[in-house]
$ cat entry-v2.cif   # mmCIF, C-alpha atoms and all ligand atoms
data_protein
loop_
_atom_site.label_atom_id
_atom_site.label_comp_id
_atom_site.auth_asym_id
_atom_site.auth_seq_id
_atom_site.Cartn_x
_atom_site.Cartn_y
_atom_site.Cartn_z
CA MET B 1 26.85 1.48 -7.23
CA ARG B 2 29.09 3.51 -4.92
CA HIS B 3 32.86 3.18 -5.46
CA THR B 4 35.60 3.45 -2.86
CA ASP B 5 39.10 2.14 -2.21
CA ILE B 6 38.36 0.68 1.23
CA ALA B 7 35.01 -0.54 2.57
CA ILE B 8 35.06 -1.15 6.33
CA ILE B 9 32.32 -3.50 7.51
CA GLY B 10 31.63 -2.94 11.23
CA GLY B 11 32.12 0.30 13.13
CA GLY B 12 33.07 -1.02 16.57
CA LEU B 13 36.44 -0.10 18.04
CA ALA B 14 38.48 -1.73 15.24
CA GLY B 15 36.42 -0.41 12.32
CA SER B 16 36.06 3.12 13.73
CA THR B 17 39.79 3.35 14.50
CA ALA B 18 40.60 2.16 10.96
CA ALA B 19 38.17 4.71 9.48
CA ALA B 20 39.77 7.51 11.50
CA MET B 21 43.29 6.51 10.44
CA LEU B 22 42.48 6.02 6.75
CA GLY B 23 40.43 9.22 6.53
CA ARG B 24 43.24 11.22 8.12
CA ALA B 25 45.68 9.73 5.62
CA GLY B 26 43.45 10.92 2.76
CA ILE B 27 42.55 7.37 1.67
CA SER B 28 39.10 6.92 0.15
CA ALA B 29 37.04 4.82 2.60
CA ILE B 30 33.46 4.00 3.64
CA LEU B 31 32.37 2.80 7.09
CA ILE B 32 29.31 0.51 7.27
CA ASP B 33 27.50 -0.22 10.55
CA PRO B 34 23.84 -0.70 11.53
CA HIS B 35 24.10 1.85 14.38
CA GLN B 36 24.68 5.55 13.76
CA VAL B 37 25.56 5.86 17.45
CA TYR B 38 27.25 2.83 19.04
CA PRO B 39 24.87 1.50 21.76
CA PHE B 40 25.80 0.44 25.31
CA ASP B 41 27.76 -2.78 25.19
CA PHE B 42 29.57 -4.44 28.11
CA ARG B 43 33.15 -4.73 26.85
CA CYS B 44 36.52 -3.26 27.63
CA GLU B 45 36.08 -0.38 30.13
CA LYS B 46 39.60 1.00 30.42
CA LEU B 47 42.81 1.52 28.49
CA ASP B 48 46.13 0.80 30.15
CA GLY B 49 49.62 2.03 29.33
CA PHE B 50 50.38 -0.79 26.86
CA GLN B 51 47.20 -0.19 24.87
CA ALA B 52 47.76 3.58 24.98
CA GLY B 53 51.29 2.99 23.63
CA ILE B 54 49.95 1.28 20.50
CA LEU B 55 47.15 3.82 20.09
CA ARG B 56 49.74 6.60 20.22
CA LYS B 57 51.22 5.27 16.96
CA THR B 58 47.87 5.88 15.22
CA GLY B 59 47.98 9.57 16.16
CA LEU B 60 44.58 9.29 17.91
CA LEU B 61 45.64 8.79 21.53
CA ASP B 62 45.39 12.33 22.91
CA ASP B 63 41.83 12.86 21.64
CA VAL B 64 40.73 9.50 23.08
CA LEU B 65 42.39 10.09 26.46
CA ARG B 66 40.48 13.36 26.87
CA ALA B 67 37.25 11.31 27.08
CA THR B 68 38.58 8.96 29.80
CA THR B 69 38.96 9.14 33.59
CA ARG B 70 42.55 8.70 34.76
CA ASP B 71 43.29 6.73 37.95
CA VAL B 72 45.07 9.75 39.42
CA GLY B 73 47.12 8.69 42.44
CA GLY B 74 47.93 5.21 41.09
CA ALA B 75 46.45 1.78 41.71
CA TRP B 76 46.82 -0.43 44.76
CA VAL B 77 47.81 -4.01 44.08
CA ALA B 78 46.37 -6.22 46.80
CA ARG B 79 45.84 -9.77 48.02
CA PHE B 80 44.82 -11.42 51.33
CA GLY B 81 43.31 -8.13 52.52
CA ARG B 82 46.54 -6.14 52.32
CA MET B 83 48.02 -3.70 49.88
CA ILE B 84 51.29 -5.08 48.54
CA ASP B 85 52.21 -2.50 45.93
CA LYS B 86 51.11 0.90 44.68
CA ARG B 87 51.49 1.11 40.89
CA PRO B 88 51.92 4.47 39.22
CA SER B 89 48.80 5.72 37.50
CA ASP B 90 48.34 4.33 33.96
CA GLN B 91 44.67 3.31 33.68
CA ASN B 92 42.10 5.36 31.78
CA GLY B 93 38.49 4.35 32.47
CA ILE B 94 35.80 4.72 29.79
CA PHE B 95 32.65 2.77 28.90
CA TYR B 96 32.92 0.92 25.60
CA ASP B 97 30.14 2.84 23.84
CA ALA B 98 31.78 6.13 24.85
CA LEU B 99 35.14 4.84 23.59
CA VAL B 100 33.75 3.80 20.19
CA ASN B 101 31.66 6.96 19.81
CA THR B 102 34.70 9.10 20.69
CA MET B 103 36.66 7.26 18.00
CA ARG B 104 33.85 7.78 15.51
CA ARG B 105 33.97 11.54 16.14
CA LEU B 106 37.63 11.41 15.06
CA VAL B 107 36.68 10.01 11.64
CA PRO B 108 37.04 12.84 9.10
CA SER B 109 33.96 13.81 7.08
CA CYS B 110 35.61 12.54 3.86
CA VAL B 111 34.84 8.99 5.12
CA ASP B 112 31.16 8.26 4.43
CA PHE B 113 29.23 6.47 7.17
CA ILE B 114 26.50 4.14 5.90
CA GLU B 115 23.91 3.12 8.48
CA ALA B 116 23.15 -0.42 7.28
CA LYS B 117 24.17 -4.05 7.64
CA ALA B 118 26.36 -5.75 5.07
CA THR B 119 24.38 -8.81 4.02
CA ALA B 120 26.62 -10.30 1.31
CA VAL B 121 30.14 -9.93 -0.07
CA GLU B 122 31.77 -11.10 -3.29
CA THR B 123 35.54 -10.99 -3.46
CA SER B 124 38.14 -11.22 -6.24
CA ASN B 125 41.76 -10.34 -7.05
CA ASP B 126 40.65 -6.93 -8.24
CA ARG B 127 37.41 -5.33 -6.95
CA GLN B 128 35.03 -6.48 -4.22
CA THR B 129 31.25 -6.05 -4.04
CA ILE B 130 29.25 -5.58 -0.86
CA THR B 131 25.45 -5.79 -0.72
CA LEU B 132 23.78 -3.83 2.07
CA SER B 133 20.54 -4.50 3.96
CA ASP B 134 18.84 -1.65 2.04
CA GLY B 135 19.80 -3.23 -1.30
CA GLU B 136 22.57 -0.73 -2.10
CA LYS B 137 25.81 -2.13 -3.54
CA ILE B 138 29.33 -0.89 -2.84
CA SER B 139 32.37 -1.59 -5.00
CA ALA B 140 35.72 -1.45 -3.19
CA ARG B 141 39.31 -2.43 -3.86
CA LEU B 142 39.60 -3.90 -0.34
CA ILE B 143 37.12 -5.00 2.34
CA VAL B 144 38.23 -4.55 5.94
CA LEU B 145 36.05 -6.94 7.92
CA SER B 146 35.73 -5.69 11.49
CA ASN B 147 32.29 -7.04 12.36
CA GLY B 148 33.34 -8.53 15.70
CA LEU B 149 31.62 -11.72 16.85
CA ASN B 150 29.13 -11.79 13.95
CA ILE B 151 30.10 -14.85 11.92
CA GLY B 152 27.45 -14.68 9.15
CA LEU B 153 29.51 -13.02 6.41
CA ARG B 154 32.64 -15.04 7.17
CA HIS B 155 30.81 -18.33 6.68
CA THR B 156 29.69 -17.36 3.17
CA LEU B 157 33.39 -16.93 2.27
CA GLY B 158 34.43 -20.25 3.79
CA ILE B 159 36.20 -18.56 6.70
CA GLU B 160 35.81 -20.78 9.76
CA ARG B 161 36.07 -20.15 13.48
CA ASP B 162 37.82 -22.66 15.79
CA VAL B 163 36.70 -22.25 19.39
CA ILE B 164 39.80 -23.19 21.36
CA SER B 165 38.39 -22.44 24.81
CA PRO B 166 34.61 -22.14 25.21
CA CYS B 167 33.52 -19.86 28.09
CA HIS B 168 37.19 -19.28 28.84
CA SER B 169 36.31 -16.61 31.42
CA ILE B 170 33.32 -14.62 32.59
CA THR B 171 33.51 -10.89 33.24
CA VAL B 172 31.20 -9.33 35.83
CA GLY B 173 30.83 -5.56 35.66
CA PHE B 174 29.18 -3.26 38.22
CA ASN B 175 29.66 -0.07 40.23
CA LEU B 176 30.95 -0.36 43.81
CA VAL B 177 29.72 2.28 46.26
CA PRO B 178 31.33 2.98 49.66
CA VAL B 179 28.90 2.85 52.60
CA GLY B 180 29.29 5.29 55.51
CA ARG B 181 31.86 7.51 53.78
CA ASP B 182 32.19 9.57 50.60
CA LYS B 183 34.89 7.62 48.84
CA PHE B 184 37.16 4.61 49.01
CA ASP B 185 40.68 4.92 50.48
CA PHE B 186 42.25 3.86 47.17
CA PRO B 187 42.14 5.72 43.82
CA ALA B 188 42.04 2.34 42.01
CA MET B 189 42.81 -1.23 43.03
CA SER B 190 43.53 -4.67 41.56
CA TYR B 191 42.72 -7.37 44.12
CA PHE B 192 43.99 -10.84 43.22
CA THR B 193 42.45 -14.19 44.06
CA GLU B 194 43.04 -15.42 47.61
CA ASN B 195 42.99 -19.10 46.62
CA ALA B 196 42.40 -21.36 43.63
CA ALA B 197 39.02 -22.55 44.97
CA ALA B 198 37.58 -19.06 44.46
CA GLN B 199 37.77 -19.66 40.68
CA MET B 200 38.51 -16.04 40.00
CA ALA B 201 41.51 -14.12 38.68
CA TYR B 202 41.06 -10.67 40.17
CA ILE B 203 38.72 -7.78 40.67
CA THR B 204 39.87 -4.45 39.28
CA LEU B 205 38.40 -1.21 40.60
CA PHE B 206 38.93 2.01 38.68
CA PRO B 207 37.15 5.35 38.30
CA ILE B 208 34.87 6.25 35.40
CA GLY B 209 33.56 9.76 35.96
CA GLU B 210 32.39 9.90 39.58
CA ALA B 211 31.75 6.15 39.84
CA MET B 212 34.08 3.40 41.07
CA ARG B 213 33.73 0.76 38.37
CA ALA B 214 34.45 -2.90 39.08
CA ASN B 215 35.38 -5.65 36.61
CA LEU B 216 35.61 -9.10 38.18
CA ILE B 217 37.05 -12.03 36.22
CA VAL B 218 35.82 -15.50 37.18
CA TYR B 219 36.30 -18.98 35.70
CA ARG B 220 32.96 -20.77 35.96
CA ASN B 221 30.19 -22.15 33.80
CA MET B 222 27.31 -19.84 32.99
CA ASP B 223 24.96 -22.07 35.06
CA ASP B 224 27.18 -21.89 38.18
CA PRO B 225 24.98 -21.08 41.23
CA TRP B 226 27.55 -18.50 42.37
CA LEU B 227 26.58 -16.32 39.36
CA ARG B 228 22.96 -16.41 40.52
CA ARG B 229 24.05 -15.37 44.01
CA MET B 230 26.09 -12.56 42.41
CA ARG B 231 22.92 -11.25 40.77
CA GLN B 232 20.73 -11.64 43.89
CA THR B 233 23.02 -10.83 46.85
CA PRO B 234 26.18 -9.42 45.24
CA GLU B 235 27.87 -8.20 48.43
CA ASP B 236 27.61 -11.70 50.00
CA ALA B 237 28.79 -13.33 46.78
CA LEU B 238 31.89 -11.11 46.78
CA ASP B 239 32.59 -11.89 50.47
CA GLU B 240 32.31 -15.58 49.62
CA ILE B 241 35.15 -15.56 47.06
CA MET B 242 37.27 -12.75 48.62
CA PRO B 243 36.88 -13.11 52.41
CA ASN B 244 39.53 -10.46 53.16
CA PHE B 245 38.53 -7.90 50.52
CA ARG B 246 36.58 -5.76 53.01
CA LYS B 247 39.74 -5.10 55.04
CA LEU B 248 40.69 -2.75 52.19
CA ALA B 249 37.35 -1.87 50.61
CA GLY B 250 35.54 -1.29 53.92
CA ASN B 251 31.77 -1.45 53.91
CA PHE B 252 30.36 -1.26 50.38
CA LYS B 253 27.35 -2.00 48.27
CA VAL B 254 26.99 -2.98 44.66
CA ASP B 255 25.06 -0.41 42.71
CA ASP B 256 23.80 -0.20 39.13
CA THR B 257 22.97 -3.10 36.87
CA ILE B 258 25.23 -6.11 37.18
CA ARG B 259 26.51 -7.21 33.78
CA ILE B 260 27.71 -10.78 33.34
CA ARG B 261 29.33 -11.78 30.05
CA PRO B 262 31.23 -14.93 29.05
CA ALA B 263 34.09 -14.87 26.54
CA ASP B 264 35.00 -17.73 24.22
CA LEU B 265 38.50 -17.85 22.80
CA TYR B 266 38.54 -18.51 19.09
CA VAL B 267 40.93 -18.32 16.17
CA THR B 268 40.13 -18.09 12.48
CA ARG B 269 40.83 -20.48 9.61
CA GLY B 270 40.63 -19.92 5.84
CA HIS B 271 41.09 -16.16 6.16
CA ARG B 272 43.91 -15.77 3.63
CA GLN B 273 41.79 -14.66 0.72
CA ALA B 274 42.09 -12.02 -1.98
CA GLY B 275 40.30 -8.72 -1.45
CA ILE B 276 39.38 -9.06 2.22
CA VAL B 277 41.23 -8.67 5.51
CA LEU B 278 39.96 -9.45 9.04
CA ILE B 279 40.83 -7.33 12.08
CA GLY B 280 39.91 -7.16 15.79
CA ASP B 281 37.50 -9.75 17.22
CA ALA B 282 36.53 -10.75 13.65
CA PHE B 283 39.99 -12.33 13.38
CA GLY B 284 40.25 -13.76 16.90
CA THR B 285 39.09 -13.11 20.44
CA SER B 286 41.01 -12.59 23.67
CA CYS B 287 40.36 -13.08 27.38
CA PRO B 288 39.05 -9.88 29.03
CA GLY B 289 41.02 -10.90 32.13
CA ALA B 290 44.30 -10.74 30.25
CA GLY B 291 43.20 -7.31 29.00
CA THR B 292 44.72 -7.84 25.55
CA GLY B 293 41.66 -7.38 23.29
CA THR B 294 41.97 -3.65 22.80
CA GLY B 295 45.73 -3.94 22.29
CA LYS B 296 45.01 -6.52 19.57
CA VAL B 297 42.49 -4.18 17.94
CA PHE B 298 44.90 -1.23 17.95
CA MET B 299 47.84 -3.36 16.75
CA ASP B 300 45.78 -4.78 13.84
CA VAL B 301 44.57 -1.35 12.79
CA GLU B 302 47.93 0.37 13.16
CA ARG B 303 49.84 -2.27 11.19
CA LEU B 304 47.16 -2.55 8.48
CA CYS B 305 46.52 1.14 7.93
CA SER B 306 50.06 2.48 8.22
CA ALA B 307 52.26 -0.37 6.95
CA TYR B 308 50.15 -2.16 4.32
CA ILE B 309 47.08 -0.40 2.86
CA PRO B 310 49.00 2.59 1.38
CA SER B 311 51.44 0.31 -0.45
CA TRP B 312 48.71 -2.16 -1.56
CA LEU B 313 46.75 0.70 -3.14
CA ALA B 314 49.85 1.90 -4.97
CA SER B 315 49.76 -1.08 -7.35
CA GLU B 316 47.04 -2.93 -9.27
CA GLY B 317 44.99 -5.73 -7.70
CA MET B 318 44.38 -7.03 -4.19
CA ASP B 319 45.61 -10.60 -4.40
CA ILE B 320 46.27 -13.10 -1.64
CA ASP B 321 50.01 -12.29 -1.52
CA LYS B 322 49.25 -8.71 -0.54
CA ILE B 323 46.70 -9.76 2.09
CA SER B 324 49.11 -12.34 3.56
CA GLN B 325 51.68 -9.63 4.29
CA PHE B 326 49.36 -8.32 7.01
CA TYR B 327 48.72 -11.71 8.63
CA ASP B 328 52.48 -12.42 8.55
CA ASP B 329 53.43 -9.10 10.13
CA PRO B 330 55.87 -10.06 12.92
CA GLU B 331 54.53 -7.49 15.42
CA LYS B 332 50.94 -8.60 14.85
CA ARG B 333 51.84 -12.28 15.11
CA GLU B 334 53.77 -11.76 18.33
CA ASN B 335 50.94 -9.69 19.79
CA ASP B 336 48.30 -12.31 18.90
CA ALA B 337 50.44 -15.12 20.32
CA ARG B 338 51.06 -13.17 23.52
CA SER B 339 47.33 -12.53 23.91
CA LEU B 340 46.52 -16.27 23.77
CA ARG B 341 49.45 -17.18 25.99
CA GLU B 342 48.38 -14.69 28.66
CA ALA B 343 44.76 -15.88 28.50
CA PHE B 344 45.77 -19.47 29.37
CA ASP B 345 48.49 -18.46 31.84
CA LEU B 346 46.14 -16.23 33.82
CA ARG B 347 43.55 -18.99 34.04
CA SER B 348 46.08 -21.58 35.23
CA MET B 349 47.73 -19.09 37.58
CA SER B 350 44.34 -18.34 39.14
CA THR B 351 42.70 -21.77 39.33
CA ASP B 352 45.22 -24.58 38.85
CA THR B 353 45.83 -26.64 41.98
CA GLY B 354 49.00 -28.36 40.73
CA LEU B 355 52.20 -27.85 42.70
CA MET B 356 53.86 -25.88 39.91
CA TRP B 357 51.02 -23.34 39.64
CA HIS B 358 50.78 -23.09 43.40
CA ALA B 359 54.49 -22.24 43.46
CA ARG B 360 54.07 -19.75 40.63
CA ARG B 361 51.21 -18.03 42.46
CA TRP B 362 53.42 -17.56 45.49
CA ALA B 363 56.35 -16.44 43.33
CA ARG B 364 54.16 -13.80 41.69
CA PHE B 365 52.87 -12.64 45.07
CA THR B 366 56.39 -12.39 46.46
CA ALA B 367 57.63 -10.53 43.38
CA ARG B 368 54.81 -8.00 43.68
CA LEU B 369 55.48 -7.63 47.40
CA CYS B 370 59.20 -6.98 46.76
CA LEU B 371 58.34 -4.46 44.04
CA GLY B 372 56.00 -2.70 46.47
CA ILE B 373 58.68 -2.58 49.17
CA PHE B 374 61.23 -1.31 46.64
CA ARG B 375 58.85 1.44 45.46
CA THR B 376 58.13 2.51 49.06
CA ILE B 377 61.85 2.74 49.84
CA ARG B 378 62.48 4.73 46.66
CA GLU B 379 59.66 7.15 47.48
CA THR B 380 61.00 7.61 51.01
CA VAL B 381 64.53 8.25 49.75
CA SER B 382 63.54 10.76 47.07
CA PRO B 383 60.05 11.97 48.00
CA ARG B 384 60.26 15.14 45.89
CA ARG B 385 60.71 13.25 42.64
CA PHE B 386 57.64 11.11 43.32
CA ALA B 387 55.49 13.97 44.55
CA SER B 388 55.87 15.56 41.13
CA GLN B 389 54.70 12.41 39.26
C1 LIG K 401 32.89 -8.43 28.83
C2 LIG K 401 34.13 -8.04 28.06
C3 LIG K 401 35.11 -7.33 28.70
C4 LIG K 401 36.27 -6.98 28.00
N1 LIG K 401 37.25 -6.32 28.67
C5 LIG K 401 38.40 -6.03 28.04
C6 LIG K 401 39.45 -5.35 28.73
O1 LIG K 401 39.34 -5.06 29.92
N2 LIG K 401 40.57 -5.06 28.04
C7 LIG K 401 40.70 -5.38 26.72
O2 LIG K 401 41.74 -5.07 26.14
N3 LIG K 401 39.73 -6.01 26.04
C8 LIG K 401 38.58 -6.35 26.67
N4 LIG K 401 37.60 -6.99 25.99
C9 LIG K 401 37.79 -7.28 24.54
C10 LIG K 401 37.49 -6.04 23.66
O3 LIG K 401 36.38 -5.34 24.17
C11 LIG K 401 37.25 -6.48 22.22
O4 LIG K 401 38.39 -7.16 21.77
C12 LIG K 401 36.97 -5.32 21.28
O5 LIG K 401 35.86 -4.61 21.74
C13 LIG K 401 36.72 -5.81 19.86
O6 LIG K 401 36.37 -4.73 19.01
P1 LIG K 401 35.90 -4.98 17.53
O7 LIG K 401 35.78 -3.65 16.87
O8 LIG K 401 36.72 -6.02 16.89
O9 LIG K 401 34.43 -5.62 17.64
P2 LIG K 401 33.05 -4.89 18.05
O10 LIG K 401 33.25 -3.76 18.96
O11 LIG K 401 32.13 -5.99 18.46
O12 LIG K 401 32.51 -4.27 16.69
C14 LIG K 401 31.83 -5.01 15.72
C15 LIG K 401 30.94 -4.04 14.94
O13 LIG K 401 30.49 -4.70 13.76
C16 LIG K 401 29.15 -4.33 13.54
N5 LIG K 401 28.57 -5.36 12.67
C17 LIG K 401 28.31 -6.65 12.95
N6 LIG K 401 27.81 -7.27 11.87
C18 LIG K 401 27.76 -6.35 10.87
C19 LIG K 401 27.34 -6.37 9.52
N7 LIG K 401 26.86 -7.49 8.95
N8 LIG K 401 27.41 -5.23 8.79
C20 LIG K 401 27.90 -4.10 9.34
N9 LIG K 401 28.30 -4.02 10.61
C21 LIG K 401 28.24 -5.13 11.37
C22 LIG K 401 28.55 -4.23 14.93
O14 LIG K 401 27.39 -3.41 14.92
C23 LIG K 401 29.71 -3.58 15.71
O15 LIG K 401 29.61 -2.18 15.66
C24 LIG K 401 36.43 -7.35 26.65
C25 LIG K 401 35.43 -8.07 25.99
C26 LIG K 401 34.29 -8.42 26.69
C27 LIG K 401 33.20 -9.20 25.97
#

$ encode --input "entry-v2.cif" --output "structure tokens" --more "lines below"
Ligand SMILES: Cc1cc2nc3c(=O)[nH]c(=O)nc-3n(C[C@H](O)[C@H](O)[C@H](O)COP(=O)(O)OP(=O)(O)OC[C@H]3O[C@@H](n4cnc5c(N)ncnc54)[C@H](O)[C@@H]3O)c2cc1C
Amino acid sequence: MRHTDIAIIGGGLAGSTAAAMLGRAGISAILIDPHQVYPFDFRCEKLDGFQAGILRKTGLLDDVLRATTRDVGGAWVARFGRMIDKRPSDQNGIFYDALVNTMRRLVPSCVDFIEAKATAVETSNDRQTITLSDGEKISARLIVLSNGLNIGLRHTLGIERDVISPCHSITVGFNLVPVGRDKFDFPAMSYFTENAAAQMAYITLFPIGEAMRANLIVYRNMDDPWLRRMRQTPEDALDEIMPNFRKLAGNFKVDDTIRIRPADLYVTRGHRQAGIVLIGDAFGTSCPGAGTGTGKVFMDVERLCSAYIPSWLASEGMDIDKISQFYDDPEKRENDARSLREAFDLRSMSTDTGLMWHARRWARFTARLCLGIFRTIRETVSPRRFASQ
């Protein structure tokens, strides 16, 4: 049996980031995942300033950013076919597999990678045992469970998942190609819903390498005929829900494979247990539209690996009181609560037809418009300062 202090089950973004942090801190750890190289997976495709801010605290930000494409020149904010604001650049585009594999390259060689599935776990106040798909057993002081949406292992421990919003949103991902010219007029753009009937939040366009990537967030059922039209005649389907989009995007076509993926919102129950801690999607999901999933992953990992694991290892045992310190961390709790709040707010803001939400939609539009006007005036008054940004 192999012995370690920390066994990380699942080497997606959360597990790989934890492995990189623990290895760099000289903590004995093992990372277990069935894939030596993380395969293509349609997930988060960019990091924004907020997420980068949390990642900075892990000490891994600069190496990750080198693998991304920056939205140099800023992002247009638009609605009703007109640009209403130009945000300073803070988006860094990267496909999810590239993001995870970049993170894995930052894991020091002192952290062993085991290419296998964890098939069973036994936990206690002292040491934990993991059985792998090849029959090998691992003994660890703590299990970090970062196996994403896979619920198998959690069930065996009595950890339950409460789905609080099934198919909360659907993300559609594709490349957008300009027709009749080399590139789009904008470096990046977020185009917000024109009306509640469109059942969408926004489309965000941002560069990854040479491509203009698009992530569209819609609120529909998976059997909605519009999704079929999106697969068959995507340009027409986009015109249908954003009639004025072409005023800014010009003539375009949808290239590459269209990826369509629903996201359920769930929270976890029964997770306060000795010897095991859940992070990332294994603990709870987020709405891709709110863009809080990666921030949740980085917050979980940063709090766990810098604030708690070193002190837990400094004394005997791994009881429930130690584990609860992580779940009660005020920054983590606030971040998780904000993620859920934003998921529901964005949905209501985009689709609700009640008077209050209608008013809030207009208030948000007006606020963005004012911000845009303010930024334009500021740039005109002190152009040199902005030219250097
Ligand atoms: C379509 C889509 C778009 C998104 N867009 C955004 C966005 O724009 N912004 C944002 O912030 N968030 C976004 N998210 C959310 C974000 O991508 C996730 O929160 C994040 O990827 C979760 O990472 P994770 O490491 O917890 O899980 P995962 O990346 O799923 O990792 C789980 C890992 O566990 C491994 N595993 C599973 N079972 C076992 C086992 N038994 N033994 C060993 N290993 C196992 C898997 O192989 C995998 O490597 C999006 C999500 C989706 C679905």

$ residues_near_ligand --input "entry-v2.cif" --ligand "ligand LIG 401 (chain K)" --cutoff "6 Å" --atoms "only C-alpha atoms and all ligand atoms" --output "ChimeraX atom specification"
/B:9-15,32-34,42-45,117-119,146-150,171,261,263,280-282,288,291-295

$ residues_around --input "entry-v2.cif" --residues "B:Ile258" --least-positions-apart "3" --cutoff "9 Å" --atoms "only C-alpha atoms" --output "list in words"
Val172, Gly173, Phe174, Asn175, Met230, Arg231, Pro234, Val254 and Asp255 of chain B

$ residues_around --input "entry-v2.cif" --residues "stretch 358-367 of chain B" --least-positions-apart "6" --cutoff "8 Å" --atoms "only C-alpha atoms" --output "ChimeraX atom specification"
/B:349-350,352

$ write_last_selection --input "entry-v2.cif" --atoms "C-alpha atoms" --output "CSV table (one decimal), in the frame of the given file"
chain,number,residue,atom,x,y,z
B,349,MET,CA,47.7,-19.1,37.6
B,350,SER,CA,44.3,-18.3,39.1
B,352,ASP,CA,45.2,-24.6,38.8

$ residues_around --input "entry-v2.cif" --residues "B:Gln128" --least-positions-apart "6" --cutoff "12 Å" --atoms "all atoms listed in the file" --output "short mmCIF file (atom, residue, chain, number, x, y, z; two decimals) with C-alpha atoms, keeping the file's coordinate frame"
data_model
loop_
_atom_site.label_atom_id
_atom_site.label_comp_id
_atom_site.auth_asym_id
_atom_site.auth_seq_id
_atom_site.Cartn_x
_atom_site.Cartn_y
_atom_site.Cartn_z
CA MET B 1 26.85 1.48 -7.23
CA ARG B 2 29.09 3.51 -4.92
CA HIS B 3 32.86 3.18 -5.46
CA THR B 4 35.60 3.45 -2.86
CA ASP B 5 39.10 2.14 -2.21
CA ILE B 6 38.36 0.68 1.23
CA ALA B 7 35.01 -0.54 2.57
CA ILE B 8 35.06 -1.15 6.33
CA ALA B 120 26.62 -10.30 1.31
CA VAL B 121 30.14 -9.93 -0.07
CA GLU B 122 31.77 -11.10 -3.29
CA LYS B 137 25.81 -2.13 -3.54
CA ILE B 138 29.33 -0.89 -2.84
CA SER B 139 32.37 -1.59 -5.00
CA ALA B 140 35.72 -1.45 -3.19
CA ARG B 141 39.31 -2.43 -3.86
CA LEU B 142 39.60 -3.90 -0.34
CA ILE B 143 37.12 -5.00 2.34
CA VAL B 144 38.23 -4.55 5.94
CA GLN B 273 41.79 -14.66 0.72
CA ALA B 274 42.09 -12.02 -1.98
CA GLY B 275 40.30 -8.72 -1.45
CA ILE B 276 39.38 -9.06 2.22
CA VAL B 277 41.23 -8.67 5.51
CA GLY B 317 44.99 -5.73 -7.70
CA MET B 318 44.38 -7.03 -4.19
CA ASP B 319 45.61 -10.60 -4.40
#

$ atom_distance --input "entry-v2.cif" --atom1 "atom CA of B:Asp126" --atom2 "atom CA of B:Glu316"
7.6 Å

$ closest_residue --input "entry-v2.cif" --among "B:Gly59, B:Pro108, B:Gly73, B:Gly289" --to "B:Leu31" --atoms "all atoms listed in the file"
B:Pro108

$ residues_around --input "entry-v2.cif" --residues "stretch 370-375 of chain B" --least-positions-apart "5" --cutoff "12 Å" --atoms "all atoms listed in the file" --output "MDAnalysis selection string"
chainID B and resid 75:78 82:88 363:365 380:383 386

$ write_last_selection --input "entry-v2.cif" --atoms "C-alpha atoms" --output "CSV table (one decimal), in the coordinates of the input"
chain,number,residue,atom,x,y,z
B,75,ALA,CA,46.4,1.8,41.7
B,76,TRP,CA,46.8,-0.4,44.8
B,77,VAL,CA,47.8,-4.0,44.1
B,78,ALA,CA,46.4,-6.2,46.8
B,82,ARG,CA,46.5,-6.1,52.3
B,83,MET,CA,48.0,-3.7,49.9
B,84,ILE,CA,51.3,-5.1,48.5
B,85,ASP,CA,52.2,-2.5,45.9
B,86,LYS,CA,51.1,0.9,44.7
B,87,ARG,CA,51.5,1.1,40.9
B,88,PRO,CA,51.9,4.5,39.2
B,363,ALA,CA,56.4,-16.4,43.3
B,364,ARG,CA,54.2,-13.8,41.7
B,365,PHE,CA,52.9,-12.6,45.1
B,380,THR,CA,61.0,7.6,51.0
B,381,VAL,CA,64.5,8.2,49.8
B,382,SER,CA,63.5,10.8,47.1
B,383,PRO,CA,60.0,12.0,48.0
B,386,PHE,CA,57.6,11.1,43.3

$ atom_distance --input "entry-v2.cif" --atom1 "atom CA of B:Arg70" --atom2 "atom CA of B:Phe186"
13.3 Å

$ closest_residue --input "entry-v2.cif" --among "B:Ala343, B:Ile377, B:Ala188, B:Met299" --to "B:Asp71" --atoms "all atoms listed in the file"
B:Ala188

$ atom_distance --input "entry-v2.cif" --atom1 "atom CA of B:Glu136" --atom2 "atom CA of B:Ser109"
20.6 Å

$ closest_residue --input "entry-v2.cif" --among "B:Arg378, B:His168, B:Leu313, B:Leu238" --to "B:Asp345" --atoms "all atoms listed in the file"
B:His168

$ closest_residue --input "entry-v2.cif" --among "B:Arg269, B:Ser311, B:Val301, B:Pro178" --to "B:Phe252" --atoms "only C-alpha atoms"
B:Pro178

$ axis_aligned_box --input "entry-v2.cif" --around "stretch 230-239 of chain B" --padding-each-side "4 Å" --output "AutoDock Vina command-line options"
--center_x 26.7 --center_y -10.8 --center_z 45.6 --size_x 19.9 --size_y 13.1 --size_z 17.7
